[in-house]
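Chemist: Okay, so here is target_14.cif, and as you'll see once you scroll down, it has mmCIF, C-alpha atoms.
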```cif
data_data
#
loop_
_atom_site.label_atom_id
_atom_site.label_comp_id
_atom_site.auth_asym_id
_atom_site.auth_seq_id
_atom_site.Cartn_x
_atom_site.Cartn_y
_atom_site.Cartn_z
CA MET A 211 4.27 13.54 22.04
CA SER A 212 1.82 10.68 22.12
CA LEU A 213 2.11 7.51 20.11
CA GLN A 214 -1.09 8.23 18.19
CA ARG A 215 0.35 11.44 16.77
CA SER A 216 3.20 9.66 14.98
CA SER A 217 2.68 8.61 11.37
CA ALA A 218 5.11 5.75 12.11
CA THR A 219 2.41 4.00 14.14
CA PRO A 220 -0.22 3.44 11.39
CA LEU A 221 2.56 2.77 8.88
CA ALA A 222 4.08 0.10 11.14
CA LEU A 223 0.68 -1.54 11.57
CA ALA A 224 0.03 -1.39 7.82
CA TRP A 225 3.46 -2.83 7.01
CA ALA A 226 2.97 -5.65 9.53
CA ALA A 227 -0.41 -6.46 7.94
CA LEU A 228 1.20 -6.58 4.50
CA ILE A 229 3.93 -8.89 5.81
CA VAL A 230 1.25 -11.22 7.18
CA TYR A 231 -0.51 -11.26 3.82
CA ALA A 232 2.68 -11.82 1.83
CA SER A 233 3.87 -14.54 4.21
CA LEU A 234 0.64 -16.56 4.20
CA TYR A 235 -0.51 -16.03 0.60
CA PRO A 236 -2.43 -17.77 -1.00
CA PHE A 237 -4.28 -18.72 2.25
CA SER A 238 -5.47 -22.06 0.84
CA ASP A 239 -5.22 -25.81 1.54
CA TRP A 240 -4.48 -25.44 5.25
CA ARG A 241 -3.44 -28.73 6.84
CA ALA A 242 -3.16 -30.16 10.36
CA LEU A 243 0.20 -31.18 11.80
CA PRO A 244 1.32 -33.90 14.23
CA ALA A 245 1.83 -32.80 17.82
CA ALA A 246 5.63 -32.87 17.43
CA ALA A 247 5.72 -30.71 14.31
CA PRO A 248 5.38 -27.15 15.75
CA LEU A 249 8.76 -25.35 15.96
CA GLU A 250 10.54 -28.46 14.70
CA TRP A 251 11.71 -26.46 11.68
CA LEU A 252 13.93 -24.37 13.97
CA VAL A 253 16.41 -27.24 14.37
CA LEU A 254 16.35 -28.45 10.77
CA PRO A 255 19.40 -27.75 8.56
CA TRP A 256 19.21 -24.60 6.48
CA ARG A 257 18.17 -25.04 2.88
CA ARG A 258 21.17 -25.48 0.61
CA TYR A 259 19.78 -23.76 -2.46
CA TRP A 260 19.06 -20.10 -1.97
CA GLY A 261 18.91 -17.36 -4.57
CA GLY A 262 19.96 -13.78 -4.11
CA PHE A 263 16.39 -12.65 -4.61
CA ASP A 264 15.22 -14.75 -1.64
CA VAL A 265 17.93 -13.33 0.60
CA THR A 266 17.15 -9.76 -0.46
CA ALA A 267 13.38 -10.18 -0.10
CA ASN A 268 13.62 -11.65 3.40
CA LEU A 269 16.19 -9.12 4.59
CA LEU A 270 14.70 -5.97 3.09
CA GLY A 271 11.07 -6.99 3.70
CA TYR A 272 11.49 -6.49 7.44
CA LEU A 273 13.82 -3.48 7.29
CA PRO A 274 11.00 -0.88 7.05
CA LEU A 275 9.16 -2.65 9.87
CA GLY A 276 12.15 -2.28 12.19
CA ALA A 277 12.54 1.40 11.33
CA LEU A 278 8.82 2.14 11.76
CA LEU A 279 8.55 0.23 15.03
CA PHE A 280 11.54 2.11 16.42
CA GLY A 281 10.11 5.44 15.32
CA ALA A 282 6.71 4.70 16.83
CA LEU A 283 8.22 3.55 20.13
CA VAL A 284 10.56 6.53 20.41
CA ARG A 285 7.73 8.93 19.67
CA SER A 286 5.76 7.28 22.49
CA GLY A 287 8.41 8.45 24.95
CA LEU A 288 10.59 5.34 25.35
CA PRO A 289 14.40 5.72 25.56
CA TRP A 290 16.08 4.95 22.27
CA LEU A 291 17.87 1.79 23.49
CA ARG A 292 14.69 0.27 24.88
CA ALA A 293 12.84 1.20 21.70
CA LEU A 294 15.59 -0.51 19.67
CA LEU A 295 15.31 -3.74 21.65
CA LEU A 296 11.52 -3.76 21.57
CA ALA A 297 11.49 -3.11 17.81
CA LEU A 298 13.84 -6.06 17.29
CA ALA A 299 11.71 -8.26 19.55
CA GLY A 300 8.54 -7.24 17.72
CA GLY A 301 9.94 -7.98 14.27
CA ALA A 302 11.44 -11.30 15.39
CA ALA A 303 8.17 -12.33 17.06
CA LEU A 304 6.19 -11.53 13.91
CA SER A 305 8.64 -13.52 11.77
CA LEU A 306 8.50 -16.47 14.17
CA ALA A 307 4.70 -16.45 14.04
CA MET A 308 4.68 -16.30 10.24
CA GLU A 309 7.20 -19.13 9.87
CA GLU A 310 5.23 -21.28 12.31
CA LEU A 311 1.95 -20.65 10.47
CA GLN A 312 3.65 -21.59 7.19
CA ASN A 313 3.85 -25.11 8.63
CA PHE A 314 0.13 -25.36 7.92
CA LEU A 315 0.42 -24.24 4.27
CA PRO A 316 1.66 -26.87 1.80
CA GLN A 317 2.89 -24.19 -0.61
CA ARG A 318 5.12 -22.52 2.00
CA VAL A 319 8.20 -23.88 3.74
CA PRO A 320 9.22 -22.50 7.16
CA SER A 321 12.92 -21.98 7.67
CA ALA A 322 15.22 -20.87 10.46
CA LYS A 323 17.19 -19.04 7.79
CA ASP A 324 14.11 -16.97 6.94
CA LEU A 325 13.67 -16.15 10.63
CA THR A 326 17.32 -15.12 10.91
CA LEU A 327 17.21 -12.89 7.83
CA ASN A 328 13.90 -11.32 8.86
CA SER A 329 15.25 -10.58 12.34
CA ALA A 330 18.44 -9.18 10.82
CA GLY A 331 16.38 -6.96 8.55
CA THR A 332 14.36 -5.72 11.53
CA LEU A 333 17.56 -4.99 13.45
CA LEU A 334 19.11 -3.20 10.48
CA GLY A 335 16.02 -1.02 10.04
CA ALA A 336 15.88 -0.22 13.76
CA LEU A 337 19.60 0.63 13.79
CA LEU A 338 19.20 2.96 10.81
CA ALA A 339 16.27 4.67 12.51
CA ALA A 340 18.25 4.88 15.77
CA ALA A 341 21.16 6.49 13.93
CA LEU A 342 18.81 9.07 12.44
CA HIS A 343 17.30 9.65 15.88
CA ARG A 344 20.66 10.07 17.57
CA GLY A 345 21.76 12.43 14.81
CA GLY A 346 18.78 14.69 15.40
CA TRP A 347 17.06 13.85 12.12
CA VAL A 348 13.82 12.84 13.84
CA GLU A 349 13.53 16.24 15.48
CA HIS A 350 14.36 17.87 12.16
CA TRP A 351 11.62 15.85 10.45
CA GLN A 352 9.16 16.77 13.17
CA ALA A 353 9.93 20.47 12.79
CA THR A 354 9.55 20.18 9.01
CA ARG A 355 6.28 18.28 9.38
CA GLU A 356 4.88 20.97 11.70
CA ARG A 357 5.69 23.63 9.10
CA TRP A 358 3.90 21.70 6.36
CA PHE A 359 1.09 19.84 8.15
CA ILE A 360 -1.17 20.14 11.18
CA SER A 361 -0.47 18.06 14.28
CA SER A 362 -3.19 15.44 13.67
CA SER A 363 -1.96 14.43 10.22
CA ALA A 364 -0.48 10.99 10.94
CA GLY A 365 -3.24 9.04 9.19
CA ALA A 366 -3.14 11.20 6.08
CA LEU A 367 0.65 10.98 5.85
CA ALA A 368 0.47 7.19 6.15
CA LEU A 369 -2.08 7.06 3.32
CA LEU A 370 0.02 9.38 1.17
CA LEU A 371 3.07 7.16 1.64
CA LEU A 372 1.01 4.08 0.72
CA TRP A 373 -0.36 5.70 -2.44
CA PRO A 374 2.72 4.97 -4.65
CA VAL A 375 2.84 1.41 -3.25
CA GLY A 376 -0.66 0.82 -4.64
CA LEU A 377 0.49 2.09 -8.03
CA LEU A 378 3.12 -0.65 -8.23
CA PHE A 379 0.33 -3.13 -8.98
CA PRO A 380 -0.65 -2.20 -12.55
CA PRO A 381 -4.03 -0.39 -12.62
CA PRO A 382 -6.22 -0.47 -15.75
CA VAL A 383 -5.81 3.32 -16.08
CA PRO A 384 -2.66 5.19 -15.02
CA LEU A 385 -3.09 6.44 -11.44
CA GLY A 386 -6.52 4.75 -11.39
CA LEU A 387 -6.61 3.00 -8.03
CA GLY A 388 -9.68 1.25 -6.65
CA HIS A 389 -10.30 -1.31 -9.42
CA ALA A 390 -11.95 -3.80 -7.07
CA ILE A 391 -15.66 -3.86 -7.97
CA ALA A 392 -15.27 -5.57 -11.35
CA ARG A 393 -13.15 -8.36 -9.83
CA LEU A 394 -15.32 -9.01 -6.78
CA PRO A 395 -17.33 -11.89 -8.39
CA ALA A 396 -14.21 -13.83 -9.38
CA LEU A 397 -12.59 -13.12 -6.01
CA ALA A 398 -15.67 -14.33 -4.10
CA ALA A 399 -15.87 -17.48 -6.21
CA GLN A 400 -12.19 -18.21 -5.59
CA LEU A 401 -12.41 -17.69 -1.84
CA LEU A 402 -15.55 -19.81 -1.42
CA GLU A 403 -14.64 -22.57 -3.88
CA GLY A 404 -15.43 -25.98 -2.43
CA SER A 405 -17.36 -24.59 0.54
CA SER A 406 -21.04 -24.97 1.36
CA MET A 407 -21.55 -21.36 0.23
CA ALA A 408 -20.31 -22.03 -3.30
CA PRO A 409 -23.77 -22.97 -4.75
CA LEU A 410 -25.30 -19.80 -3.34
CA VAL A 411 -22.49 -17.75 -4.80
CA ASP A 412 -22.98 -19.37 -8.20
CA GLU A 413 -26.64 -18.35 -8.10
CA TRP A 414 -25.95 -14.83 -6.84
CA LEU A 415 -22.95 -13.86 -8.97
CA PRO A 416 -24.81 -13.61 -12.30
CA GLY A 417 -27.20 -11.09 -10.78
CA PHE A 418 -24.28 -9.17 -9.36
CA SER A 419 -22.52 -9.14 -12.72
CA GLU A 420 -25.59 -7.63 -14.34
CA ARG A 421 -25.43 -4.73 -11.88
CA VAL A 422 -21.74 -4.10 -12.54
CA PRO A 423 -21.25 -1.51 -15.31
CA SER A 424 -20.35 -3.10 -18.63
CA LEU A 425 -16.66 -2.82 -19.33
CA ARG A 426 -15.92 -0.93 -22.50
CA LEU A 427 -13.06 1.14 -23.75
CA LEU A 428 -13.03 4.50 -22.03
CA SER A 429 -13.33 7.44 -24.37
CA PRO A 430 -10.25 9.70 -24.56
CA ALA A 431 -12.09 12.30 -22.49
CA ALA A 432 -13.04 9.74 -19.81
CA GLU A 433 -9.51 8.35 -19.68
CA THR A 434 -8.08 11.86 -19.34
CA LEU A 435 -10.54 12.63 -16.56
CA ALA A 436 -9.77 9.40 -14.71
CA ILE A 437 -6.00 10.06 -14.76
CA ALA A 438 -6.51 13.68 -13.65
CA LEU A 439 -8.74 12.56 -10.78
CA GLY A 440 -6.17 9.93 -9.84
CA LEU A 441 -3.63 12.72 -9.36
CA LEU A 442 -6.04 15.16 -7.74
CA ALA A 443 -7.23 12.68 -5.08
CA PRO A 444 -3.95 12.44 -3.08
CA CYS A 445 -3.49 16.21 -3.46
CA LEU A 446 -6.85 16.92 -1.81
CA LEU A 447 -6.04 14.39 0.90
CA ALA A 448 -2.82 16.30 1.57
CA PHE A 449 -4.66 19.66 1.52
CA SER A 450 -7.04 18.37 4.21
CA VAL A 451 -4.14 18.31 6.70
CA ALA A 452 -1.71 20.83 5.16
CA GLN A 453 -0.86 24.19 6.65
CA ALA A 454 -2.07 27.18 4.65
CA GLY A 455 0.46 28.96 2.47
CA TRP A 456 2.67 28.61 -0.57
CA ARG A 457 3.81 25.08 0.39
CA ARG A 458 0.49 23.71 -0.80
CA LEU A 459 1.57 24.48 -4.36
CA VAL A 460 4.58 22.17 -3.96
CA LEU A 461 2.54 19.16 -2.83
CA PRO A 462 0.89 18.49 -6.24
CA LEU A 463 4.32 18.48 -7.90
CA GLY A 464 5.51 15.90 -5.39
CA ALA A 465 2.42 13.78 -6.01
CA ALA A 466 2.95 13.95 -9.77
CA LEU A 467 6.60 12.88 -9.40
CA LEU A 468 5.67 10.00 -7.08
CA GLY A 469 2.90 8.82 -9.38
CA PHE A 470 5.12 9.06 -12.46
CA GLY A 471 7.97 7.24 -10.75
CA ALA A 472 5.86 4.43 -9.28
CA THR A 473 4.02 3.79 -12.56
CA THR A 474 7.28 3.82 -14.52
CA LEU A 475 8.85 1.38 -12.05
CA SER A 476 5.85 -0.95 -12.30
CA THR A 477 6.05 -0.93 -16.11
CA ALA A 478 9.81 -1.56 -16.01
CA LEU A 479 9.31 -4.56 -13.69
CA ASN A 480 6.71 -6.06 -16.02
CA PHE A 481 8.06 -5.30 -19.49
CA GLY A 482 11.73 -4.47 -18.91
CA PRO A 483 13.60 -1.17 -18.50
CA GLU A 484 13.53 -0.53 -22.24
CA HIS A 485 9.72 -0.31 -22.10
CA MET A 486 9.40 1.57 -18.80
CA LEU A 487 7.58 4.51 -20.44
CA ALA A 488 5.17 2.37 -22.46
CA TRP A 489 2.34 3.24 -20.04
CA GLN A 490 2.17 6.80 -21.36
CA THR A 491 -0.81 7.02 -23.68
CA ARG A 492 -1.90 10.16 -25.50
CA ALA A 493 -4.16 11.01 -22.59
CA VAL A 494 -1.45 10.95 -19.91
CA ALA A 495 0.31 14.28 -20.53
CA PRO A 496 -2.84 16.42 -20.82
CA ALA A 497 -4.36 14.55 -17.86
CA LEU A 498 -1.36 15.30 -15.65
CA VAL A 499 -1.47 18.96 -16.65
CA LEU A 500 -5.22 19.05 -15.95
CA GLY A 501 -4.70 17.38 -12.57
CA LEU A 502 -1.94 19.82 -11.61
CA LEU A 503 -4.03 22.83 -12.63
CA ALA A 504 -7.02 21.55 -10.67
CA ALA A 505 -4.82 20.91 -7.63
CA ALA A 506 -3.36 24.42 -7.85
CA ALA A 507 -6.87 25.85 -7.97
CA CYS A 508 -7.81 23.85 -4.86
CA ALA A 509 -4.64 24.72 -2.95
CA TRP A 510 -6.31 27.68 -1.21
CA LEU A 511 -9.39 25.78 -0.04
CA PRO A 512 -9.99 25.45 3.70
CA ARG A 513 -9.12 22.02 5.05
CA ARG A 514 -12.76 21.02 5.57
CA ALA A 515 -13.64 22.01 1.99
CA ALA A 516 -10.62 20.10 0.65
CA ALA A 517 -11.74 17.00 2.57
CA GLY A 518 -15.29 17.28 1.25
CA LEU A 519 -14.14 17.79 -2.33
CA GLY A 520 -11.75 14.87 -1.92
CA LEU A 521 -14.71 12.60 -1.16
CA VAL A 522 -16.39 13.71 -4.41
CA VAL A 523 -13.20 13.19 -6.43
CA LEU A 524 -12.59 9.71 -4.98
CA THR A 525 -16.18 8.68 -5.71
CA ALA A 526 -15.87 9.83 -9.32
CA LEU A 527 -12.49 8.09 -9.65
CA ILE A 528 -13.83 4.76 -8.38
CA THR A 529 -16.82 5.03 -10.74
CA LEU A 530 -14.63 5.66 -13.78
CA VAL A 531 -12.03 3.02 -12.93
CA ALA A 532 -14.78 0.42 -12.38
CA GLN A 533 -15.80 0.89 -16.04
CA ALA A 534 -12.28 0.55 -17.42
CA PRO A 535 -11.62 -2.77 -19.19
CA ALA A 536 -8.51 -4.88 -18.76
CA ASP A 537 -6.61 -4.07 -21.94
CA PRO A 538 -3.98 -6.54 -23.28
CA TYR A 539 -1.11 -4.75 -21.51
CA TYR A 540 -3.02 -4.77 -18.23
CA ALA A 541 -3.88 -8.46 -18.59
CA ASP A 542 -0.25 -9.29 -19.39
CA SER A 543 0.86 -7.30 -16.34
CA LEU A 544 -1.53 -9.24 -14.11
CA GLN A 545 -0.19 -12.52 -15.46
CA SER A 546 3.36 -11.43 -14.71
CA TRP A 547 2.47 -10.34 -11.18
CA GLU A 548 0.48 -13.48 -10.38
CA GLN A 549 3.23 -15.88 -11.46
CA GLY A 550 6.87 -16.33 -10.60
CA ARG A 551 8.72 -13.92 -8.37
CA PHE A 552 6.06 -11.22 -8.52
CA ILE A 553 3.84 -13.50 -6.39
CA ARG A 554 5.81 -12.20 -3.37
CA PHE A 555 4.56 -8.67 -3.99
CA HIS A 556 1.23 -9.55 -5.57
CA GLY A 557 -0.96 -9.34 -2.48
CA VAL A 558 0.83 -6.35 -0.98
CA ALA A 559 0.55 -3.92 -3.88
CA GLN A 560 -2.73 -5.33 -5.17
CA TRP A 561 -4.67 -4.83 -1.95
CA VAL A 562 -3.17 -1.40 -1.35
CA GLY A 563 -4.19 -0.38 -4.86
CA TRP A 564 -7.69 -1.80 -4.49
CA LEU A 565 -8.43 -0.43 -1.02
CA TRP A 566 -6.53 2.88 -0.96
CA PRO A 567 -9.40 5.03 -2.29
CA TYR A 568 -11.83 3.52 0.21
CA ALA A 569 -9.44 4.01 3.12
CA ALA A 570 -8.87 7.60 2.00
CA MET A 571 -12.63 8.18 1.85
CA LEU A 572 -13.06 6.90 5.41
CA TYR A 573 -10.28 9.18 6.58
CA LEU A 574 -11.73 12.21 4.79
CA LEU A 575 -15.17 11.47 6.24
CA ARG A 576 -13.61 11.63 9.67
CA ARG A 577 -11.84 14.89 8.78
CA VAL A 578 -15.12 16.44 7.68
CA SER A 579 -16.97 15.32 10.79
CA VAL A 580 -14.33 16.39 13.32
CA ALA A 581 -14.27 20.12 14.05
CA ARG A 582 -10.86 20.15 15.71
CA ASP A 583 -7.95 21.19 13.46
CA ILE A 584 -10.31 21.77 10.50
CA GLY A 585 -9.97 25.15 8.85
#
```
Just give me the structure of the file as structure tokens.
Modeler:
Amino acid sequence: MSLQRSSATPLALAWAALIVYASLYPFSDWRALPAAAPLEWLVLPWRRYWGGFDVTANLLGYLPLGALLFGALVRSGLPWLRALLLALAGGAALSLAMEELQNFLPQRVPSAKDLTLNSAGTLLGALLAAALHRGGWVEHWQATRERWFISSSAGALALLLLWPVGLLFPPPVPLGLGHAIARLPALAAQLLEGSSMAPLVDEWLPGFSERVPSLRLLSPAAETLAIALGLLAPCLLAFSVAQAGWRRLVLPLGAALLGFGATTLSTALNFGPEHMLAWQTRAVAPALVLGLLAAAACAWLPRRAAAGLGLVVLTALITLVAQAPADPYYADSLQSWEQGRFIRFHGVAQWVGWLWPYAAMLYLLRRVSVARDIG
């Protein structure tokens, strides 16, 4: 089995990219260092004051990377022990690079303790994956995957696993990923602030804002449609690589449970466990039912037709979400995520939520254009 056929490969690359973003955020005020400064932090005493959250974040942040790297390497044909050592080396090298680059960011402090915890997290993840591999669970997963999905489904499975991650960053509409267009002007101004391009941006942004749809409260029907499309989109993505049969009827139920759980968790993190269901408006229940019924009706479509319809659904979803305003709860959620401890997860979930529909569209375009494995 080749490396490209394993969903662990794109997931490992995506997780590494998210680690890079989270480690170097906010990517501003870079500074030069004296010649003696690089790697000097390795011999400095460990910081005395450390909270449990910091330990957990550094340890668990690299655990999935270790597991995914091991899975990708084993699926490429390497012996399990060599894959374990290479996964550990890869995670440790990435952590070392991130800590060294943090030397150039005044808001970040490199630490040998961070490197140790990140490497330990990588090793723990690789060991867990190795235990599953030695116990035959990888082969069991592969057999299950072949019963449910076609062989060239790694990219779709990676996107499906990233979908609930994007929902952890609060969208303006439940399940409404892709809310990037309305925030592009502010993002461009922030990135180019103080540069020679800033005056040009100031002149161009008003014209751009006029072309962005005016943000107004979505009607109940539009909100219901947006939520239903938000559920239908990952279902059609799954149908584009799913085997034909009764199992396709189970996939929408799994998507609904994942979406419900991720949105509930996001609300609990922002407003407390006692308010974890506050995101459920009057439109949510009928929208979920509508989305499930539409997914059931599409379950018997050929894979090419499911991919084509998925492109239409994602386009409609992005259009509706772009018109959704930031209500007070959404604005309060953003403030919570962009301050304090949530800053560690801000970039990860935010960018996944913004870019997931576009990445899914690119994947579905490829599925439509490739004749192999399309039914």
Chemist: For range 222-224 of chain A, list every protein, DNA or RNA residue within 8 Å, evaluated using all atoms listed in the file, and leave out those in the same chain fewer than 2 positions away; present the list as a list in words.
Modeler: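 What passes the distance filter is Ala218, Thr219, Pro220, Ala226, Ala227, Leu228, Leu275, Leu278, Leu279 and Ala282 of chain A.
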Chemist: Env of range 369-381 of chain A: 8 Å cut, atoms = all atoms listed in the file, seq-sep filter 5 positions within chain, self excluded. Answer as a list in words.
Modeler: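 My reading of the contact set: Gly386, Leu387, His389, Pro444, Leu447, Ala448, Leu468, Gly469, Ala472, Thr473, Leu475, Ser476, Thr477, Tyr540, Ser543, Leu544, Trp547, His556, Ala559, Gln560, Trp561, Val562, Gly563, Trp564, Trp566, Ala569 and Ala570 of chain A.
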Chemist: Contacts of range 427-436 of chain A at 6 Å or less, counting all atoms listed in the file, minus same-chain residues fewer than 5 places along, as a PyMOL selection string?
Modeler: chain A and resi 493+497+527
Chemist: Would you kindly translate the PyMOL selection byres ((chain A and resi 445) around 7) into the concrete residues it picks from this file, as JSON, numbers by chain?
Modeler: {"A": [441, 442, 443, 444, 446, 447, 448, 449, 461, 462, 465, 505]}
Chemist: Any chance you can output those residues with C-alpha atoms as a tab-separated table (two decimals), keeping the file's coordinate frame?
Modeler:
```
chain	number	residue	atom	x	y	z
A	441	LEU	CA	-3.63	12.72	-9.36
A	442	LEU	CA	-6.04	15.16	-7.74
A	443	ALA	CA	-7.23	12.68	-5.08
A	444	PRO	CA	-3.95	12.44	-3.08
A	446	LEU	CA	-6.85	16.92	-1.81
A	447	LEU	CA	-6.04	14.39	0.90
A	448	ALA	CA	-2.82	16.30	1.57
A	449	PHE	CA	-4.66	19.66	1.52
A	461	LEU	CA	2.54	19.16	-2.83
A	462	PRO	CA	0.89	18.49	-6.24
A	465	ALA	CA	2.42	13.78	-6.01
A	505	ALA	CA	-4.82	20.91	-7.63
```
Chemist: Between A:Leu342, A:Val230, A:Ala322, A:Leu270, which one has atoms that come closest to Val284 in chain A, using all atoms listed in the file?
Modeler: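 The shortest atom-to-atom distance to Val284 in chain A comes from A:Leu342.
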Chemist: Using the chain letters and numbering of this document, enumerate as a list of chain:residue names the residues selected by the PyMOL selection byres ((chain A and resi 351-354) around 12).
Modeler: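 So the PyMOL selection byres ((chain A and resi 351-354) around 12) ends up selecting A:Met211, A:Arg215, A:Ser216, A:Ser217, A:Ala218, A:Gly281, A:Arg285, A:Leu342, A:His343, A:Gly345, A:Gly346, A:Trp347, A:Val348, A:Glu349, A:His350, A:Arg355, A:Glu356, A:Arg357, A:Trp358, A:Phe359, A:Ile360, A:Ser361, A:Ser363, A:Ala364, A:Ala452, A:Gln453, A:Arg457.
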Chemist: Which residues are near Ser329 in chain A? Cut-off 9 Å, only C-alpha atoms, ignore same chain within fewer than 5 positions. Put them as a PyMOL selection string.
Modeler: chain A and resi 269+272-273+276+298-299+301-303+305+324+334
Chemist: Rounded to one decimal, what separation in Å do you get between CA of Phe280 in chain A and CA of Leu306 in chain A?
Modeler: 19.0 Å
Chemist: Can you work out which one of A:Ala515, A:Leu500, A:Leu315, A:Leu487 has the shortest atom-to-atom distance to Ser579 in chain A, counting only C-alpha atoms?
Modeler: A:Ala515
Chemist: Show me, as lines of an AutoDock Vina configuration file, the centre and edge lengths in Å to one decimal of the axis-aligned box that covers every listed atom of range 296-311 of chain A with 5 Å on each side.
Modeler:
```
center_x = 7.9
center_y = -12.2
center_z = 15.7
size_x = 21.9
size_y = 28.2
size_z = 21.7
```
Chemist: Of the candidates A:Leu498, A:Lys323, A:Leu234, A:Gly518, which one gets nearest to Tyr573 in chain A if we count all atoms listed in the file?
Modeler: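 Among A:Leu498, A:Lys323, A:Leu234, A:Gly518, it is A:Gly518 that comes nearest to Tyr573 in chain A.
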Chemist: Go through A:Ala478, A:Ala232, A:Ala267, A:Val580 one by one, measure the shortest atom-to-atom distance of each to Leu327 in chain A using only C-alpha atoms, and give the residue with the smallest value.
Modeler: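 Residue with the minimum atom-to-atom distance to Leu327 in chain A: A:Ala267.
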Chemist: Could you tell me how far CA of Val499 in chain A sits from CA of Ala526 in chain A, in Å to one decimal place?
Modeler: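 These two atoms are separated by 18.6 Å.
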Chemist: Please measure the separation of CA of Leu565 in chain A and CA of Ser450 in chain A, giving the value in Å to one decimal.
Modeler: 19.6 Å
Chemist: I'd like to know which of A:Leu574, A:Val522, A:Ala366, A:Ala297 is closest to Gly335 in chain A, using all atoms listed in the file.
Modeler: A:Ala297
